[in-house]
Every structure is written in structure tokens, then in C-alpha cells.
>>> print(open('final.tsv').read())   # TSV, C-alpha atoms
chain	number	residue	atom	x	y	z
A	183	MET	CA	157.08	123.04	131.27
A	184	ALA	CA	157.20	120.43	128.52
A	185	GLY	CA	153.93	118.76	127.55
A	186	PRO	CA	153.25	115.02	127.99
A	187	SER	CA	154.80	112.50	125.64
A	188	SER	CA	152.68	110.41	123.27
A	189	ALA	CA	152.78	107.50	125.71
A	190	GLU	CA	151.76	109.77	128.58
A	191	ARG	CA	148.87	111.15	126.55
A	192	ILE	CA	147.59	107.63	126.02
A	193	GLN	CA	147.84	106.99	129.77
A	194	MET	CA	145.95	110.26	130.37
A	195	MET	CA	143.28	109.12	127.93
A	196	SER	CA	143.01	105.83	129.78
A	197	ALA	CA	142.86	107.62	133.11
A	198	THR	CA	140.24	110.12	132.09
A	199	ARG	CA	138.39	108.28	129.34
A	200	ARG	CA	135.10	108.15	131.21
A	201	GLN	CA	135.71	110.20	134.34
A	202	PHE	CA	133.53	113.10	133.19
A	203	LEU	CA	130.18	111.61	134.22
A	204	THR	CA	127.27	113.31	135.89
A	205	ARG	CA	126.33	112.25	139.40
A	206	ALA	CA	123.24	110.56	137.98
A	207	THR	CA	125.46	108.27	135.95
A	208	ALA	CA	128.16	107.85	138.57
A	209	THR	CA	125.74	106.48	141.18
A	210	ALA	CA	125.32	103.40	139.03
A	211	LEU	CA	129.05	102.78	138.93
A	212	THR	CA	131.44	101.18	141.33
A	213	ALA	CA	131.84	103.09	144.55
A	214	GLY	CA	135.62	102.73	144.41
A	215	CYS	CA	136.19	105.41	141.73
A	216	SER	CA	138.54	108.15	142.84
A	217	ALA	CA	137.66	111.80	142.37
A	218	ARG	CA	139.22	113.78	139.52
A	219	SER	CA	139.65	117.50	138.93
A	220	PHE	CA	137.28	118.46	136.14
A	221	ALA	CA	134.13	120.37	135.36
A	222	GLN	CA	130.82	118.63	134.76
A	223	VAL	CA	127.72	119.84	132.97
A	224	ALA	CA	124.60	117.80	133.63
A	225	GLU	CA	122.13	117.91	130.77
A	226	ALA	CA	118.51	116.85	130.69
A	227	PRO	CA	116.88	115.77	127.44
A	228	PRO	CA	115.61	118.95	125.73
A	229	SER	CA	111.89	119.57	125.87
A	230	GLY	CA	111.64	121.29	122.48
A	231	GLN	CA	111.59	119.86	118.99
A	232	LEU	CA	114.67	117.81	118.20
A	233	PRO	CA	116.23	118.10	114.73
A	234	PRO	CA	115.68	115.22	112.31
A	235	LEU	CA	118.54	113.95	110.21
A	236	PRO	CA	119.37	116.08	107.16
A	237	THR	CA	118.46	114.70	103.75
A	238	LYS	CA	120.40	113.88	100.58
A	239	GLY	CA	123.52	112.62	102.30
A	240	LYS	CA	126.17	110.43	100.72
A	241	VAL	CA	127.37	107.20	102.33
A	242	VAL	CA	131.15	107.62	102.50
A	243	PHE	CA	131.88	104.53	104.61
A	244	SER	CA	130.02	101.29	105.26
A	245	ASP	CA	131.18	97.96	106.66
A	246	ASN	CA	129.55	94.80	108.02
A	247	LEU	CA	132.95	93.55	109.32
A	248	LEU	CA	132.49	90.10	107.78
A	249	ASP	CA	135.86	89.87	106.02
A	250	PRO	CA	138.03	87.20	107.68
A	251	ASP	CA	140.91	89.68	108.02
A	252	PHE	CA	138.70	92.60	109.08
A	253	ALA	CA	141.01	93.57	111.98
A	254	SER	CA	144.63	93.33	113.07
A	255	ASP	CA	147.09	94.64	115.65
A	256	SER	CA	148.63	97.11	113.20
A	257	GLY	CA	145.42	98.17	111.50
A	258	PHE	CA	146.66	96.83	108.16
A	259	ARG	CA	146.11	93.58	106.29
A	260	GLN	CA	148.98	91.47	105.03
A	261	ASN	CA	148.51	93.02	101.57
A	262	GLY	CA	149.07	96.48	103.08
A	263	LYS	CA	145.45	97.64	102.87
A	264	PRO	CA	143.96	99.23	106.02
A	265	CYS	CA	141.50	97.42	108.28
A	266	TRP	CA	140.05	97.82	111.76
A	267	ARG	CA	142.66	97.96	114.52
A	268	SER	CA	142.42	95.72	117.60
A	269	ARG	CA	143.97	98.10	120.12
A	270	LEU	CA	144.22	101.68	121.24
A	271	GLU	CA	147.05	103.67	119.73
A	272	ARG	CA	149.83	102.49	122.06
A	273	THR	CA	148.34	100.20	124.67
A	274	ARG	CA	146.19	97.15	125.31
A	275	GLN	CA	145.45	98.13	128.90
A	276	GLN	CA	143.25	100.94	130.23
A	277	VAL	CA	145.53	101.72	133.15
A	278	GLY	CA	143.84	104.83	134.55
A	279	ASN	CA	140.42	103.16	134.53
A	280	ARG	CA	141.95	100.10	136.20
A	281	GLU	CA	139.91	97.90	133.92
A	282	ALA	CA	139.98	94.17	134.62
A	283	GLY	CA	140.08	93.18	130.94
A	284	TYR	CA	143.14	93.04	128.69
A	285	TYR	CA	142.39	94.11	125.11
A	286	ALA	CA	143.24	90.91	123.30
A	287	ASP	CA	143.76	89.95	119.67
A	288	PRO	CA	143.34	86.30	118.57
A	289	ALA	CA	146.56	86.47	116.54
A	290	LEU	CA	148.50	87.53	119.64
A	291	ASN	CA	146.44	85.69	122.28
A	292	PRO	CA	145.40	82.39	120.67
A	293	GLU	CA	143.95	81.01	123.90
A	294	VAL	CA	140.92	83.34	123.56
A	295	GLU	CA	138.35	83.90	120.81
A	296	VAL	CA	137.97	87.74	120.94
A	297	TRP	CA	135.67	87.84	117.90
A	298	GLY	CA	133.73	85.64	115.53
A	299	ILE	CA	130.55	85.26	113.44
A	300	GLU	CA	127.25	84.33	115.10
A	301	PRO	CA	125.64	81.50	113.10
A	302	ALA	CA	122.07	82.53	113.94
A	303	THR	CA	122.37	86.02	112.45
A	304	GLY	CA	125.53	85.85	110.35
A	305	CYS	CA	126.77	88.96	112.14
A	306	ARG	CA	130.19	89.82	113.50
A	307	PHE	CA	130.66	89.92	117.27
A	308	ILE	CA	133.44	91.06	119.55
A	309	GLN	CA	133.54	89.83	123.12
A	310	ALA	CA	135.07	90.05	126.58
A	311	GLU	CA	135.95	86.66	128.08
A	312	HIS	CA	136.81	85.05	131.40
A	313	VAL	CA	140.19	83.32	131.38
A	314	PRO	CA	140.57	81.55	134.77
A	315	GLY	CA	144.17	80.56	134.15
A	316	GLY	CA	145.21	84.01	132.99
A	317	LEU	CA	146.60	85.15	129.64
A	318	SER	CA	149.99	83.88	128.51
A	319	ASP	CA	152.67	86.46	127.80
A	320	GLY	CA	154.31	84.07	125.33
A	321	ARG	CA	157.41	83.71	127.48
A	322	GLY	CA	156.16	81.17	129.97
A	323	GLY	CA	154.53	83.75	132.23
A	324	GLN	CA	151.27	85.67	132.39
A	325	ILE	CA	150.21	89.15	131.31
A	326	MET	CA	150.04	91.28	134.45
A	327	GLN	CA	147.99	94.36	135.22
A	328	GLU	CA	150.24	97.40	135.03
A	329	TRP	CA	148.73	98.95	138.16
A	330	GLN	CA	148.96	95.67	140.12
A	331	LYS	CA	152.21	94.11	139.00
A	332	THR	CA	151.56	90.78	140.71
A	333	VAL	CA	147.96	90.36	139.51
A	334	PRO	CA	147.41	88.60	136.16
A	335	PHE	CA	144.54	89.39	133.83
A	336	THR	CA	141.79	86.80	134.19
A	337	TYR	CA	139.48	88.65	131.79
A	338	THR	CA	139.94	89.87	128.27
A	339	ALA	CA	138.31	92.89	126.70
A	340	ALA	CA	137.79	93.60	123.00
A	341	ILE	CA	138.19	96.75	120.94
A	342	ILE	CA	138.24	97.65	117.26
A	343	THR	CA	139.00	101.14	115.95
A	344	SER	CA	138.86	102.70	112.48
A	345	GLN	CA	141.96	104.83	113.06
A	346	THR	CA	143.79	103.41	110.04
A	347	LEU	CA	140.68	102.45	108.07
A	348	PHE	CA	138.48	105.57	108.16
A	349	ASN	CA	139.43	108.68	110.14
A	350	ARG	CA	137.74	111.44	108.16
A	351	ILE	CA	134.55	111.96	110.20
A	352	THR	CA	133.95	115.71	110.48
A	353	THR	CA	131.34	118.48	110.46
A	354	GLY	CA	128.27	117.31	108.57
A	355	SER	CA	129.01	113.64	109.25
A	356	TYR	CA	126.45	111.20	110.63
A	357	VAL	CA	127.91	108.07	112.23
A	358	GLU	CA	125.70	105.05	112.87
A	359	PHE	CA	126.38	101.74	114.60
A	360	GLU	CA	123.83	98.92	114.32
A	361	VAL	CA	124.52	96.67	117.30
A	362	LYS	CA	123.04	94.37	119.91
A	363	LEU	CA	124.55	94.11	123.41
A	364	SER	CA	124.80	91.39	126.06
A	365	LYS	CA	123.61	92.03	129.61
A	366	VAL	CA	126.58	90.68	131.57
A	367	ALA	CA	127.30	92.21	134.98
A	368	GLY	CA	130.76	93.75	135.09
A	369	SER	CA	130.89	94.53	131.37
A	370	TRP	CA	131.03	97.98	129.82
A	371	PRO	CA	130.21	98.21	126.10
A	372	ALA	CA	130.73	101.51	124.31
A	373	LEU	CA	130.61	103.19	120.90
A	374	TRP	CA	132.70	106.35	120.64
A	375	LEU	CA	134.73	108.75	118.53
A	376	LEU	CA	138.24	110.09	119.01
A	377	ARG	CA	140.28	112.67	117.17
A	378	SER	CA	143.47	111.30	115.63
A	379	GLY	CA	146.64	112.39	117.38
A	380	MET	CA	145.16	114.14	120.40
A	381	TRP	CA	142.85	113.75	123.40
A	382	PRO	CA	140.50	115.27	124.43
A	383	PRO	CA	138.13	115.83	122.64
A	384	GLU	CA	135.90	112.75	122.59
A	385	ILE	CA	132.31	111.96	121.65
A	386	ASP	CA	130.57	108.97	123.25
A	387	VAL	CA	127.71	107.72	121.09
A	388	LEU	CA	126.74	105.02	123.61
A	389	GLU	CA	127.93	103.68	126.93
A	390	ALA	CA	126.19	101.01	128.99
A	391	PHE	CA	127.51	100.68	132.55
A	392	ILE	CA	126.31	97.15	133.33
A	393	SER	CA	127.21	96.79	136.99
A	394	SER	CA	124.45	94.31	137.83
A	395	PHE	CA	121.97	91.92	136.24
A	396	ASP	CA	119.23	94.41	137.13
A	397	TYR	CA	120.54	96.89	134.56
A	398	PRO	CA	117.49	98.24	132.65
A	399	SER	CA	117.11	97.12	129.08
A	400	ASP	CA	116.84	100.64	127.67
A	401	LYS	CA	119.34	102.82	129.57
A	402	VAL	CA	122.42	104.32	127.92
A	403	ALA	CA	124.72	107.29	128.49
A	404	THR	CA	126.06	109.81	125.99
A	405	ASN	CA	128.99	112.09	126.77
A	406	VAL	CA	131.10	114.82	125.20
A	407	HIS	CA	134.61	115.60	126.50
A	408	TRP	CA	136.72	118.64	125.73
A	409	VAL	CA	139.13	121.16	127.29
A	410	HIS	CA	138.34	124.80	128.03
A	411	ASN	CA	140.87	127.10	129.68
A	412	ASN	CA	143.06	124.07	130.44
A	413	VAL	CA	140.23	122.40	132.39
A	414	HIS	CA	138.68	119.12	131.30
A	415	GLN	CA	134.99	119.62	130.64
A	416	SER	CA	132.15	117.18	130.05
A	417	ALA	CA	128.48	117.22	129.16
A	418	SER	CA	126.81	113.95	130.07
A	419	ALA	CA	123.26	112.61	129.84
A	420	PRO	CA	122.00	109.21	131.04
A	421	VAL	CA	118.96	108.41	128.91
A	422	LYS	CA	116.03	106.01	129.28
A	423	LEU	CA	115.29	105.14	125.68
A	424	ASN	CA	111.73	104.11	126.55
A	425	GLU	CA	111.04	107.84	126.63
A	426	PHE	CA	111.74	107.95	122.89
A	427	GLU	CA	110.81	104.46	121.68
A	428	GLN	CA	108.29	102.24	123.41
A	429	ASP	CA	109.68	98.90	124.60
A	430	ALA	CA	113.22	99.88	123.65
A	431	ASP	CA	115.59	97.01	124.38
A	432	ILE	CA	119.33	97.21	123.71
A	433	PHE	CA	119.86	93.51	124.53
A	434	SER	CA	117.18	91.47	122.75
A	435	ARG	CA	117.45	93.00	119.27
A	436	PHE	CA	119.62	95.12	117.03
A	437	ASN	CA	119.28	98.89	117.28
A	438	ARG	CA	120.84	101.79	115.40
A	439	PHE	CA	122.79	104.27	117.52
A	440	GLY	CA	123.72	107.40	115.62
A	441	CYS	CA	125.41	110.74	116.09
A	442	PHE	CA	125.32	113.78	113.80
A	443	ILE	CA	128.15	116.29	114.15
A	444	GLY	CA	126.86	119.73	113.23
A	445	LYS	CA	128.82	122.95	113.25
A	446	SER	CA	127.09	124.25	116.37
A	447	GLU	CA	125.49	121.16	117.91
A	448	ILE	CA	125.75	117.38	118.17
A	449	VAL	CA	122.59	115.29	117.92
A	450	TRP	CA	122.17	111.66	119.05
A	451	TYR	CA	119.71	109.28	117.36
A	452	PHE	CA	118.16	105.94	118.32
A	453	ASN	CA	116.76	103.98	115.38
A	454	GLY	CA	116.68	107.19	113.38
A	455	LYS	CA	114.87	109.22	116.06
A	456	PRO	CA	116.69	112.14	117.74
A	457	TYR	CA	116.81	111.97	121.52
A	458	ARG	CA	119.52	114.35	122.70
A	459	THR	CA	121.40	117.46	121.60
A	460	ALA	CA	124.46	119.20	122.99
A	461	SER	CA	126.52	122.18	121.92
A	462	ASN	CA	129.46	121.24	119.73
A	463	SER	CA	132.28	122.07	122.13
A	464	VAL	CA	134.66	119.60	120.53
A	465	GLY	CA	135.12	121.11	117.09
A	466	PRO	CA	135.10	119.54	113.63
A	467	GLY	CA	137.48	116.64	114.24
A	468	PRO	CA	138.46	114.74	112.14
A	469	TRP	CA	137.30	111.69	114.09
A	470	TYR	CA	137.62	107.94	113.91
A	471	MET	CA	135.35	105.26	115.40
A	472	LEU	CA	135.87	102.86	118.31
A	473	MET	CA	133.73	99.92	119.46
A	474	ASN	CA	134.67	98.04	122.60
A	475	VAL	CA	133.53	95.78	125.41
A	476	ALA	CA	135.45	96.60	128.59
A	477	VAL	CA	135.42	94.75	131.93
A	478	GLY	CA	135.42	96.35	135.36
A	479	GLY	CA	136.99	99.77	135.70
A	480	LEU	CA	134.14	102.24	136.20
A	481	VAL	CA	131.60	99.46	136.53
A	482	ALA	CA	131.45	96.96	139.36
A	483	ALA	CA	133.75	93.95	139.06
A	484	PRO	CA	132.12	90.89	137.46
A	485	SER	CA	129.93	89.05	139.97
A	486	ASP	CA	129.51	85.86	137.94
A	487	PRO	CA	132.45	84.83	135.73
A	488	SER	CA	130.32	82.04	134.22
A	489	ALA	CA	128.07	84.70	132.63
A	490	PHE	CA	130.86	85.62	130.22
A	491	PRO	CA	131.50	86.07	127.35
A	492	ALA	CA	129.98	89.53	127.10
A	493	ARG	CA	129.35	90.18	123.43
A	494	MET	CA	128.66	93.13	121.19
A	495	TYR	CA	126.99	91.99	117.97
A	496	ILE	CA	127.64	94.29	115.00
A	497	ARG	CA	125.43	94.29	111.93
A	498	GLU	CA	126.73	97.41	110.20
A	499	VAL	CA	128.74	100.57	110.73
A	500	LYS	CA	128.33	103.50	108.36
A	501	VAL	CA	129.17	107.16	107.92
A	502	VAL	CA	126.94	109.50	105.90
A	503	GLN	CA	128.27	112.90	104.82
A	504	PHE	CA	125.86	115.80	104.38
A	505	SER	CA	126.90	118.94	102.55
>>> encode(input="final.tsv", output="C-alpha cells")
Amino acid sequence: MAGPSSAERIQMMSATRRQFLTRATATALTAGCSARSFAQVAEAPPSGQLPPLPTKGKVVFSDNLLDPDFASDSGFRQNGKPCWRSRLERTRQQVGNREAGYYADPALNPEVEVWGIEPATGCRFIQAEHVPGGLSDGRGGQIMQEWQKTVPFTYTAAIITSQTLFNRITTGSYVEFEVKLSKVAGSWPALWLLRSGMWPPEIDVLEAFISSFDYPSDKVATNVHWVHNNVHQSASAPVKLNEFEQDADIFSRFNRFGCFIGKSEIVWYFNGKPYRTASNSVGPGPWYMLMNVAVGGLVAAPSDPSAFPARMYIREVKVVQFS
């Protein structure tokens, strides 16, 4: 039997992007998620000594995203040089997740902001927004949800990927995102890595499933997705960061979320401190980076539209290569 087309693979990625969660994580999500056929591996934080970052690495990529033309639909600037891309490879909707937010770009959707610079910190932000009147399709109509053809999008989501800008993350690479999140019920911020041209595998550096305003200020999830014997596999660990850093708060201040890809294991870091390891079941890559703020899908639908926008503030993204 022929394999899926490129478009179908993207739909599969959308459908399965975050379905490989442990029960501990899934209980915090919307109860409407349908079951999938896959294998799960629940992992507790290891009790032994966690490996510190290697030394004498070389910074091979660094960006504060402050250039005015830092991102585009194509992933290229008008002068032909690469930049961040404002969409997944072939879609602006996460169909399988049934997300409520359309991944917008201000050049294509001028009625929304999508991103900007925060005056107080001078940092870039990307944001999900509430659009009561719906998004225009540019032809006098509205952009409709592909899984509900008569329902327009009343929320936008935001995503930027380094697929065209930097896609050479591999064994010995340490990836670090310095970000601050917004606690907005119904939003779903994430930092993750994909391999160009195929899915799975996937590495999730951070996911925050903010289904309610009671979401704790220090809880995140990390996941690894791969295929073994034609079965989707996942290792997932919800983590209370207070166990590793006292008074950890992912909403009130900037924090550094990192991931080191070793030959045999992957290690996650919070402000330079290791807090989780997992076997490297996903291989060497190469990988590229994604940062997004989704709406709905595997989190509960927004309960208070006036609480939006839901922002992710970005101070710096960097990749360090160790020999």
C-alpha cells in the first residue's frame, strides 16, 4: 500500500501532535479528547544524579527576534534571506487537534496583531487573540474550521518555526528558549523540535496545558514521540518545577527552558538545572525549532474571551553545539 502524501503527513502530525500523553497529563486536559492507538511510557523524574550541561560548547545560532522582518509566511525575507516562518509546513490549522485558533500572520490577516514588541521589556512576543467577528478570508467571507465547515475561527493562534532559518540541530546540540508565558485559560503554549521532512519523531521542550485559571505557576510537560515497529510511541513527564527550583514561576518572569540531545539520552534543563532525562529514541535529527501559542484542542475551550490575548514573550533563542 502506498504511503501518505505530504499533505496527509501534515494532517497526521496535526492529529497526533500531542496525543501521546500520560494519564497524569491527560487528566488536566479537556474530557472530549478521543482515544488513539499508540503506546505510552510514563516516566517519573529520575532519583539519581542528573547530568549537567557539557562545557566548551560553541553558540551556532542565537536570535532575539527583534528584526522588523523576523518572520514571514514563506520563511524568507524580501531580499531572499531566511527568517522565522509563521506557519507549519503546509497548513495554518491543526485539524486533528481540532484547535480553536487559526495560525495567523499579520501580513495575511491584517485585522489581528499576532506579534509585536513589549515596551516594558523590549522583548518580542507572539500571541493568540480573540476575534469576535471572525477572520476575513479576503474574499468577503470568513475563514472556516476545516473540521466544522460552517464554524468560523473566532480565535487566532501564533507560531514561528526555524525550518528555513536554522534546521541543523543534531546530536550534541543544546537548544534553549528564554521565555515568559501568560496564564490564559484555553491557551496552550509550547516549545518543540521537529525533524525536517518527516514526522514523527518530535521532542517537546515545554508544553503548558492551561485549561483553567487555577493552572499552577510551575507545571510543565515534556514529551518525546517516535515510531517503533510501526507503532507510535511516547515518553511523557508532567513536572512540577518547584521540585527543582524554589518558587519557580513560568508566568511572572522569564525562564530558560533547554534540551540537550545526546547520543543515548535527552536531558531537559530549567534555568540551567537538569530536571529530566529520557532515552534518545528519536535519533540524531536534524531538527528545527517551533514556538507557538495554540487555543483549545487538547485543552479546555477558552472560558473568558476577554482574558485574551495569550502571549509568549521571547527574550532569546539559542543553539549551542558541543563536540
>>> axis_aligned_box(input="final.tsv", around="segment 400-407 of chain A", padding_each_side="3 Å", output="lines of an AutoDock Vina configuration file")
center_x = 125.7
center_y = 108.1
center_z = 127.4
size_x = 23.8
size_y = 21.0
size_z = 10.4
>>> closest_residue(input="final.tsv", among="A:Ile342, A:Leu290, A:Val464, A:Leu363", to="Leu270 of chain A", atoms="only C-alpha atoms")
A:Ile342
>>> closest_residue(input="final.tsv", among="A:Thr459, A:Val241, A:Tyr451, A:Phe490", to="Ala419 of chain A", atoms="only C-alpha atoms")
A:Thr459
>>> atom_distance(input="final.tsv", atom1="atom CA of Val481 of chain A", atom2="atom CA of Arg280 of chain A")
10.4 Å
>>> closest_residue(input="final.tsv", among="A:Arg306, A:His407, A:Lys238, A:Arg272", to="Ala253 of chain A", atoms="only C-alpha atoms")
A:Arg306
>>> residues_around(input="final.tsv", residues="segment 307-312 of chain A", least_positions_apart="4", cutoff="9 Å", atoms="only C-alpha atoms", output="PDB file with C-alpha atoms, in the coordinates of the input")
ATOM      1  CA  GLY A 283     140.080  93.180 130.940  1.00  0.00           C
ATOM      2  CA  TYR A 284     143.140  93.040 128.690  1.00  0.00           C
ATOM      3  CA  TYR A 285     142.390  94.110 125.110  1.00  0.00           C
ATOM      4  CA  ALA A 286     143.240  90.910 123.300  1.00  0.00           C
ATOM      5  CA  VAL A 294     140.920  83.340 123.560  1.00  0.00           C
ATOM      6  CA  GLU A 295     138.350  83.900 120.810  1.00  0.00           C
ATOM      7  CA  VAL A 296     137.970  87.740 120.940  1.00  0.00           C
ATOM      8  CA  TRP A 297     135.670  87.840 117.900  1.00  0.00           C
ATOM      9  CA  GLY A 298     133.730  85.640 115.530  1.00  0.00           C
ATOM     10  CA  ILE A 299     130.550  85.260 113.440  1.00  0.00           C
ATOM     11  CA  GLU A 300     127.250  84.330 115.100  1.00  0.00           C
ATOM     12  CA  GLY A 316     145.210  84.010 132.990  1.00  0.00           C
ATOM     13  CA  THR A 336     141.790  86.800 134.190  1.00  0.00           C
ATOM     14  CA  TYR A 337     139.480  88.650 131.790  1.00  0.00           C
ATOM     15  CA  THR A 338     139.940  89.870 128.270  1.00  0.00           C
ATOM     16  CA  ALA A 339     138.310  92.890 126.700  1.00  0.00           C
ATOM     17  CA  ALA A 340     137.790  93.600 123.000  1.00  0.00           C
ATOM     18  CA  ILE A 341     138.190  96.750 120.940  1.00  0.00           C
ATOM     19  CA  ILE A 342     138.240  97.650 117.260  1.00  0.00           C
ATOM     20  CA  SER A 369     130.890  94.530 131.370  1.00  0.00           C
ATOM     21  CA  MET A 473     133.730  99.920 119.460  1.00  0.00           C
ATOM     22  CA  ASN A 474     134.670  98.040 122.600  1.00  0.00           C
ATOM     23  CA  VAL A 475     133.530  95.780 125.410  1.00  0.00           C
ATOM     24  CA  ALA A 476     135.450  96.600 128.590  1.00  0.00           C
ATOM     25  CA  VAL A 477     135.420  94.750 131.930  1.00  0.00           C
ATOM     26  CA  PRO A 487     132.450  84.830 135.730  1.00  0.00           C
ATOM     27  CA  SER A 488     130.320  82.040 134.220  1.00  0.00           C
ATOM     28  CA  ALA A 489     128.070  84.700 132.630  1.00  0.00           C
ATOM     29  CA  PHE A 490     130.860  85.620 130.220  1.00  0.00           C
ATOM     30  CA  PRO A 491     131.500  86.070 127.350  1.00  0.00           C
ATOM     31  CA  ALA A 492     129.980  89.530 127.100  1.00  0.00           C
ATOM     32  CA  ARG A 493     129.350  90.180 123.430  1.00  0.00           C
ATOM     33  CA  MET A 494     128.660  93.130 121.190  1.00  0.00           C
ATOM     34  CA  TYR A 495     126.990  91.990 117.970  1.00  0.00           C
ATOM     35  CA  ILE A 496     127.640  94.290 115.000  1.00  0.00           C
ATOM     36  CA  ARG A 497     125.430  94.290 111.930  1.00  0.00           C
TER      37      ARG A 497
END
>>> closest_residue(input="final.tsv", among="A:Glu425, A:Ile432, A:Arg458, A:Ala483", to="Thr404 of chain A", atoms="all atoms listed in the file")
A:Arg458
>>> closest_residue(input="final.tsv", among="A:Ala367, A:Ile448, A:Cys441, A:Leu247", to="Gly304 of chain A", atoms="only C-alpha atoms")
A:Leu247
>>> residues_around(input="final.tsv", residues="Val499 of chain A", least_positions_apart="5", cutoff="12 Å", atoms="all atoms listed in the file", output="ChimeraX atom specification")
/A:241-248,266,305-306,342-344,348,356-361,373,437-441,470-473
>>> atom_distance(input="final.tsv", atom1="atom CA of Gly354 of chain A", atom2="atom CA of Phe391 of chain A")
29.2 Å
>>> atom_distance(input="final.tsv", atom1="atom CA of Ala403 of chain A", atom2="atom CA of Glu389 of chain A")
5.1 Å
>>> closest_residue(input="final.tsv", among="A:Ile351, A:Ala372, A:Leu235, A:Met326", to="Val277 of chain A", atoms="all atoms listed in the file")
A:Met326
>>> residues_near_point(input="final.tsv", point="(127.2, 124.2, 119.0)", cutoff="10 Å", atoms="only C-alpha atoms", output="JSON, numbers by chain")
{"A": [443, 444, 445, 446, 447, 448, 459, 460, 461, 462, 463, 464, 465]}
>>> decode(input="final.tsv", residues="segment 394-452 of chain A", atoms="C-alpha atoms", output="mmCIF file, in the first residue's frame")
data_model
loop_
_atom_site.group_PDB
_atom_site.id
_atom_site.type_symbol
_atom_site.label_atom_id
_atom_site.label_comp_id
_atom_site.auth_asym_id
_atom_site.auth_seq_id
_atom_site.Cartn_x
_atom_site.Cartn_y
_atom_site.Cartn_z
ATOM 1 C CA SER A 394 -8.228 26.889 33.813
ATOM 2 C CA PHE A 395 -7.132 29.955 35.754
ATOM 3 C CA ASP A 396 -6.094 27.612 38.567
ATOM 4 C CA TYR A 397 -3.223 26.240 36.492
ATOM 5 C CA PRO A 398 -0.149 26.083 38.789
ATOM 6 C CA SER A 399 2.597 28.571 38.107
ATOM 7 C CA ASP A 400 5.335 25.945 37.846
ATOM 8 C CA LYS A 401 3.878 22.954 35.984
ATOM 9 C CA VAL A 402 5.054 21.927 32.514
ATOM 10 C CA ALA A 403 5.126 18.760 30.416
ATOM 11 C CA THR A 404 7.947 17.330 28.322
ATOM 12 C CA ASN A 405 7.371 14.635 25.703
ATOM 13 C CA VAL A 406 9.255 12.565 23.153
ATOM 14 C CA HIS A 407 7.456 10.969 20.181
ATOM 15 C CA TRP A 408 8.778 8.294 17.858
ATOM 16 C CA VAL A 409 7.774 5.132 15.969
ATOM 17 C CA HIS A 410 8.857 1.600 16.855
ATOM 18 C CA ASN A 411 7.653 -1.412 14.879
ATOM 19 C CA ASN A 412 5.127 0.824 13.094
ATOM 20 C CA VAL A 413 3.555 1.853 16.416
ATOM 21 C CA HIS A 414 3.592 5.437 17.649
ATOM 22 C CA GLN A 415 5.413 5.618 20.961
ATOM 23 C CA SER A 416 5.733 8.366 23.556
ATOM 24 C CA ALA A 417 7.556 9.056 26.783
ATOM 25 C CA SER A 418 5.897 11.848 28.735
ATOM 26 C CA ALA A 419 6.561 13.523 32.076
ATOM 27 C CA PRO A 420 4.482 16.269 33.725
ATOM 28 C CA VAL A 421 6.857 18.158 36.002
ATOM 29 C CA LYS A 422 6.386 20.494 38.973
ATOM 30 C CA LEU A 423 9.352 22.802 38.613
ATOM 31 C CA ASN A 424 9.189 23.752 42.297
ATOM 32 C CA GLU A 425 10.852 20.396 42.882
ATOM 33 C CA PHE A 426 13.930 21.715 41.090
ATOM 34 C CA GLU A 427 13.813 25.471 41.700
ATOM 35 C CA GLN A 428 12.116 27.063 44.680
ATOM 36 C CA ASP A 429 9.317 29.488 43.799
ATOM 37 C CA ALA A 430 9.542 28.617 40.112
ATOM 38 C CA ASP A 431 7.054 30.695 38.140
ATOM 39 C CA ILE A 432 6.649 30.403 34.370
ATOM 40 C CA PHE A 433 4.268 33.390 34.201
ATOM 41 C CA SER A 434 5.735 36.230 36.273
ATOM 42 C CA ARG A 435 9.297 36.203 34.932
ATOM 43 C CA PHE A 436 11.496 34.946 32.140
ATOM 44 C CA ASN A 437 12.932 31.441 32.445
ATOM 45 C CA ARG A 438 15.307 29.393 30.313
ATOM 46 C CA PHE A 439 13.934 26.091 29.036
ATOM 47 C CA GLY A 440 16.605 23.898 27.490
ATOM 48 C CA CYS A 441 17.089 20.495 25.938
ATOM 49 C CA PHE A 442 20.352 18.645 25.264
ATOM 50 C CA ILE A 443 20.276 15.931 22.609
ATOM 51 C CA GLY A 444 22.845 13.293 23.471
ATOM 52 C CA LYS A 445 23.600 10.160 21.525
ATOM 53 C CA SER A 446 21.923 7.898 24.088
ATOM 54 C CA GLU A 447 19.772 10.265 26.153
ATOM 55 C CA ILE A 448 17.919 13.581 26.078
ATOM 56 C CA VAL A 449 18.172 15.909 29.068
ATOM 57 C CA TRP A 450 15.824 18.809 29.892
ATOM 58 C CA TYR A 451 17.005 21.902 31.797
ATOM 59 C CA PHE A 452 15.240 24.720 33.648
#
